[in-house]
Amino acid sequence: MTILSDRPYYKRTVSQHENIMREKAHEGMHYDIPRLPSWVGVKVIYPFHGAAARVMFYDVRDERIVVSTYLDVEDNLGVVEHPYFEIYPDVSGDTDRFYHTAQDDMYPEIIKSLKRQRRDRKKADKQNGTK
């Protein structure tokens, strides 16, 4: 059994992480965020737990509506053996994964999830008599 503290990314310095990301960028790794609808906000978050990048997409009208994404380029998070993105929640409320080369397929799913969360939030607020 692997103890998480033994994983190399816990011992990485900021400069070591930046060097890895520069190397990956030279290999063609990138996080291309396309033009999104005006109601979608984007927050870049410093990566943690072995992710190479973390980005939050949110509804600017209600920041409780969020889809979190991360990029794993070194199989640090142990789910896929190739560089991939994970989003949470997807439209079904679960996680969804996309190979790094399939970023174009990921963004429509993020938008669908945000829309679904907005509908669910409006329904819940209506039932609770709020907003």
# chains A, B, ... in the order shown; residues from 1 in each chain; ligands from 1
>>> residues_around(residues="stretch 23-40 of chain A", least_positions_apart="3", cutoff="12 Å", atoms="only C-alpha atoms", output="mmCIF file with N, CA and C atoms, in the first residue's frame")
data_model
loop_
_atom_site.group_PDB
_atom_site.id
_atom_site.type_symbol
_atom_site.label_atom_id
_atom_site.label_comp_id
_atom_site.auth_asym_id
_atom_site.auth_seq_id
_atom_site.Cartn_x
_atom_site.Cartn_y
_atom_site.Cartn_z
ATOM 1 N N GLN A 16 10.480 23.250 -8.579
ATOM 2 C CA GLN A 16 10.472 21.931 -9.214
ATOM 3 C C GLN A 16 9.174 21.728 -10.000
ATOM 4 N N HIS A 17 8.061 22.157 -9.424
ATOM 5 C CA HIS A 17 6.780 22.041 -10.123
ATOM 6 C C HIS A 17 6.804 22.891 -11.394
ATOM 7 N N GLU A 18 7.318 24.095 -11.306
ATOM 8 C CA GLU A 18 7.393 24.963 -12.479
ATOM 9 C C GLU A 18 8.276 24.351 -13.556
ATOM 10 N N ASN A 19 9.393 23.714 -13.166
ATOM 11 C CA ASN A 19 10.267 23.058 -14.150
ATOM 12 C C ASN A 19 9.548 21.916 -14.847
ATOM 13 N N ILE A 20 8.774 21.139 -14.100
ATOM 14 C CA ILE A 20 8.012 20.040 -14.700
ATOM 15 C C ILE A 20 6.994 20.596 -15.696
ATOM 16 N N LYS A 43 -11.591 30.493 -12.566
ATOM 17 C CA LYS A 43 -10.588 30.778 -11.539
ATOM 18 C C LYS A 43 -9.488 29.733 -11.653
ATOM 19 N N VAL A 44 -8.261 30.194 -11.817
ATOM 20 C CA VAL A 44 -7.116 29.290 -11.839
ATOM 21 C C VAL A 44 -6.654 29.152 -10.393
ATOM 22 N N ALA A 52 -1.256 18.816 -12.107
ATOM 23 C CA ALA A 52 -0.382 19.767 -12.777
ATOM 24 C C ALA A 52 -1.044 21.135 -12.878
ATOM 25 N N ALA A 53 -2.376 21.146 -12.962
ATOM 26 C CA ALA A 53 -3.127 22.402 -13.052
ATOM 27 C C ALA A 53 -4.516 22.164 -12.477
ATOM 28 N N ARG A 54 -5.092 23.215 -11.910
ATOM 29 C CA ARG A 54 -6.462 23.162 -11.393
ATOM 30 C C ARG A 54 -7.179 24.429 -11.823
ATOM 31 N N VAL A 55 -8.400 24.253 -12.303
ATOM 32 C CA VAL A 55 -9.212 25.385 -12.744
ATOM 33 C C VAL A 55 -10.644 25.148 -12.280
ATOM 34 N N MET A 56 -11.262 26.218 -11.772
ATOM 35 C CA MET A 56 -12.666 26.171 -11.369
ATOM 36 C C MET A 56 -13.473 26.977 -12.381
ATOM 37 N N PHE A 57 -14.549 26.394 -12.875
ATOM 38 C CA PHE A 57 -15.498 27.086 -13.731
ATOM 39 C C PHE A 57 -16.747 27.310 -12.889
ATOM 40 N N TYR A 58 -17.322 28.507 -12.946
ATOM 41 C CA TYR A 58 -18.451 28.807 -12.086
ATOM 42 C C TYR A 58 -19.443 29.713 -12.804
ATOM 43 N N ASP A 59 -20.657 29.739 -12.293
ATOM 44 C CA ASP A 59 -21.708 30.604 -12.803
ATOM 45 C C ASP A 59 -21.528 31.961 -12.131
ATOM 46 N N VAL A 60 -21.262 33.012 -12.901
ATOM 47 C CA VAL A 60 -20.991 34.321 -12.316
ATOM 48 C C VAL A 60 -22.205 34.888 -11.581
ATOM 49 N N ARG A 61 -23.393 34.384 -11.875
ATOM 50 C CA ARG A 61 -24.598 34.855 -11.186
ATOM 51 C C ARG A 61 -24.803 34.151 -9.852
ATOM 52 N N ASP A 62 -24.162 33.001 -9.679
ATOM 53 C CA ASP A 62 -24.294 32.245 -8.436
ATOM 54 C C ASP A 62 -23.030 31.406 -8.268
ATOM 55 N N GLU A 63 -22.073 31.916 -7.517
ATOM 56 C CA GLU A 63 -20.770 31.256 -7.394
ATOM 57 C C GLU A 63 -20.812 29.945 -6.626
ATOM 58 N N ILE A 65 -22.406 27.524 -7.850
ATOM 59 C CA ILE A 65 -22.496 26.593 -8.975
ATOM 60 C C ILE A 65 -21.117 26.510 -9.608
ATOM 61 N N VAL A 66 -20.460 25.363 -9.390
ATOM 62 C CA VAL A 66 -19.042 25.217 -9.737
ATOM 63 C C VAL A 66 -18.778 23.859 -10.373
ATOM 64 N N VAL A 67 -17.846 23.847 -11.325
ATOM 65 C CA VAL A 67 -17.258 22.604 -11.819
ATOM 66 C C VAL A 67 -15.754 22.742 -11.632
ATOM 67 N N THR A 69 -11.916 21.315 -12.179
ATOM 68 C CA THR A 69 -11.150 20.471 -13.102
ATOM 69 C C THR A 69 -9.703 20.406 -12.639
ATOM 70 N N TYR A 70 -9.054 19.314 -12.990
ATOM 71 C CA TYR A 70 -7.608 19.261 -12.798
ATOM 72 C C TYR A 70 -6.988 18.481 -13.938
ATOM 73 N N LEU A 71 -5.705 18.736 -14.149
ATOM 74 C CA LEU A 71 -4.916 18.057 -15.167
ATOM 75 C C LEU A 71 -3.871 17.219 -14.455
ATOM 76 N N ASP A 72 -3.851 15.933 -14.744
ATOM 77 C CA ASP A 72 -2.854 15.009 -14.189
ATOM 78 C C ASP A 72 -1.964 14.564 -15.342
ATOM 79 N N VAL A 73 -0.705 14.991 -15.331
ATOM 80 C CA VAL A 73 0.195 14.654 -16.441
ATOM 81 C C VAL A 73 1.162 13.528 -16.106
ATOM 82 N N GLU A 74 1.301 13.185 -14.830
ATOM 83 C CA GLU A 74 2.288 12.185 -14.417
ATOM 84 C C GLU A 74 1.654 10.963 -13.762
ATOM 85 N N HIS A 82 -2.421 7.883 -18.809
ATOM 86 C CA HIS A 82 -1.994 8.902 -19.758
ATOM 87 C C HIS A 82 -2.440 10.257 -19.225
ATOM 88 N N PRO A 83 -1.833 11.337 -19.671
ATOM 89 C CA PRO A 83 -2.284 12.660 -19.218
ATOM 90 C C PRO A 83 -3.784 12.837 -19.471
ATOM 91 N N TYR A 84 -4.491 13.303 -18.451
ATOM 92 C CA TYR A 84 -5.941 13.442 -18.565
ATOM 93 C C TYR A 84 -6.443 14.585 -17.702
ATOM 94 N N PHE A 85 -7.645 15.023 -18.017
ATOM 95 C CA PHE A 85 -8.381 15.998 -17.222
ATOM 96 C C PHE A 85 -9.491 15.265 -16.496
ATOM 97 N N TYR A 99 -9.029 12.402 -21.949
ATOM 98 C CA TYR A 99 -7.615 12.430 -22.301
ATOM 99 C C TYR A 99 -7.217 13.863 -22.628
ATOM 100 N N HIS A 100 -5.983 14.195 -22.364
ATOM 101 C CA HIS A 100 -5.493 15.542 -22.612
ATOM 102 C C HIS A 100 -5.770 15.973 -24.048
ATOM 103 N N THR A 101 -5.697 15.049 -24.960
ATOM 104 C CA THR A 101 -5.913 15.374 -26.373
ATOM 105 C C THR A 101 -7.394 15.572 -26.711
ATOM 106 N N ALA A 102 -8.296 15.334 -25.757
ATOM 107 C CA ALA A 102 -9.740 15.473 -25.995
ATOM 108 C C ALA A 102 -10.339 16.657 -25.233
ATOM 109 N N GLN A 103 -9.540 17.706 -25.047
ATOM 110 C CA GLN A 103 -10.040 18.877 -24.324
ATOM 111 C C GLN A 103 -11.292 19.464 -24.961
ATOM 112 N N ASP A 104 -11.360 19.431 -26.278
ATOM 113 C CA ASP A 104 -12.522 20.011 -26.965
ATOM 114 C C ASP A 104 -13.817 19.325 -26.559
ATOM 115 N N ASP A 105 -13.740 18.068 -26.147
ATOM 116 C CA ASP A 105 -14.931 17.341 -25.698
ATOM 117 C C ASP A 105 -15.300 17.692 -24.256
ATOM 118 N N MET A 106 -14.336 18.193 -23.506
ATOM 119 C CA MET A 106 -14.545 18.457 -22.083
ATOM 120 C C MET A 106 -15.378 19.717 -21.833
ATOM 121 N N TYR A 107 -15.112 20.784 -22.554
ATOM 122 C CA TYR A 107 -15.767 22.061 -22.251
ATOM 123 C C TYR A 107 -17.279 22.042 -22.428
ATOM 124 N N PRO A 108 -17.815 21.400 -23.461
ATOM 125 C CA PRO A 108 -19.281 21.306 -23.531
ATOM 126 C C PRO A 108 -19.874 20.568 -22.324
ATOM 127 N N ILE A 110 -18.621 20.615 -19.278
ATOM 128 C CA ILE A 110 -18.569 21.557 -18.164
ATOM 129 C C ILE A 110 -19.773 22.495 -18.228
ATOM 130 N N ILE A 111 -20.075 23.010 -19.415
ATOM 131 C CA ILE A 111 -21.230 23.906 -19.586
ATOM 132 C C ILE A 111 -22.524 23.183 -19.238
ATOM 133 N N LYS A 112 -22.671 21.940 -19.692
ATOM 134 C CA LYS A 112 -23.872 21.154 -19.370
ATOM 135 C C LYS A 112 -24.016 20.970 -17.864
ATOM 136 N N SER A 113 -22.904 20.704 -17.184
ATOM 137 C CA SER A 113 -22.952 20.512 -15.738
ATOM 138 C C SER A 113 -23.366 21.805 -15.036
ATOM 139 N N LEU A 114 -22.797 22.927 -15.455
ATOM 140 C CA LEU A 114 -23.167 24.211 -14.849
ATOM 141 C C LEU A 114 -24.655 24.505 -15.056
ATOM 142 N N LYS A 115 -25.153 24.240 -16.267
ATOM 143 C CA LYS A 115 -26.576 24.466 -16.550
ATOM 144 C C LYS A 115 -27.449 23.556 -15.693
ATOM 145 N N ARG A 118 -27.516 24.811 -12.203
ATOM 146 C CA ARG A 118 -28.334 26.025 -12.105
ATOM 147 C C ARG A 118 -29.820 25.648 -12.032
#
>>> atom_distance(atom1="atom CA of A:Ala51", atom2="atom CA of A:Arg121")
29.2 Å
>>> atom_distance(atom1="atom CA of A:Phe98", atom2="atom CA of A:Asp75")
13.4 Å
>>> select_by_dssp(residues="chain A", states="helix (DSSP H, G or I)", output="number ranges by chain")
A: 4-6, 8-11, 14-26, 100-128
>>> atom_distance(atom1="atom CA of A:Arg116", atom2="atom CA of A:Val91")
6.3 Å
>>> select_by_dssp(residues="stretch 8-93 of chain A", states="strand (DSSP E or B)", output="list in words")
Val40, Gly41, Val42, Lys43, Val44, Ile45, Ala53, Arg54, Val55, Met56, Phe57, Tyr58, Asp59, Asp62, Glu63, Arg64, Ile65, Val66, Val67, Ser68, Thr69, Tyr70, Leu71, Asp72, Tyr84, Phe85, Glu86, Ile87 and Tyr88 of chain A
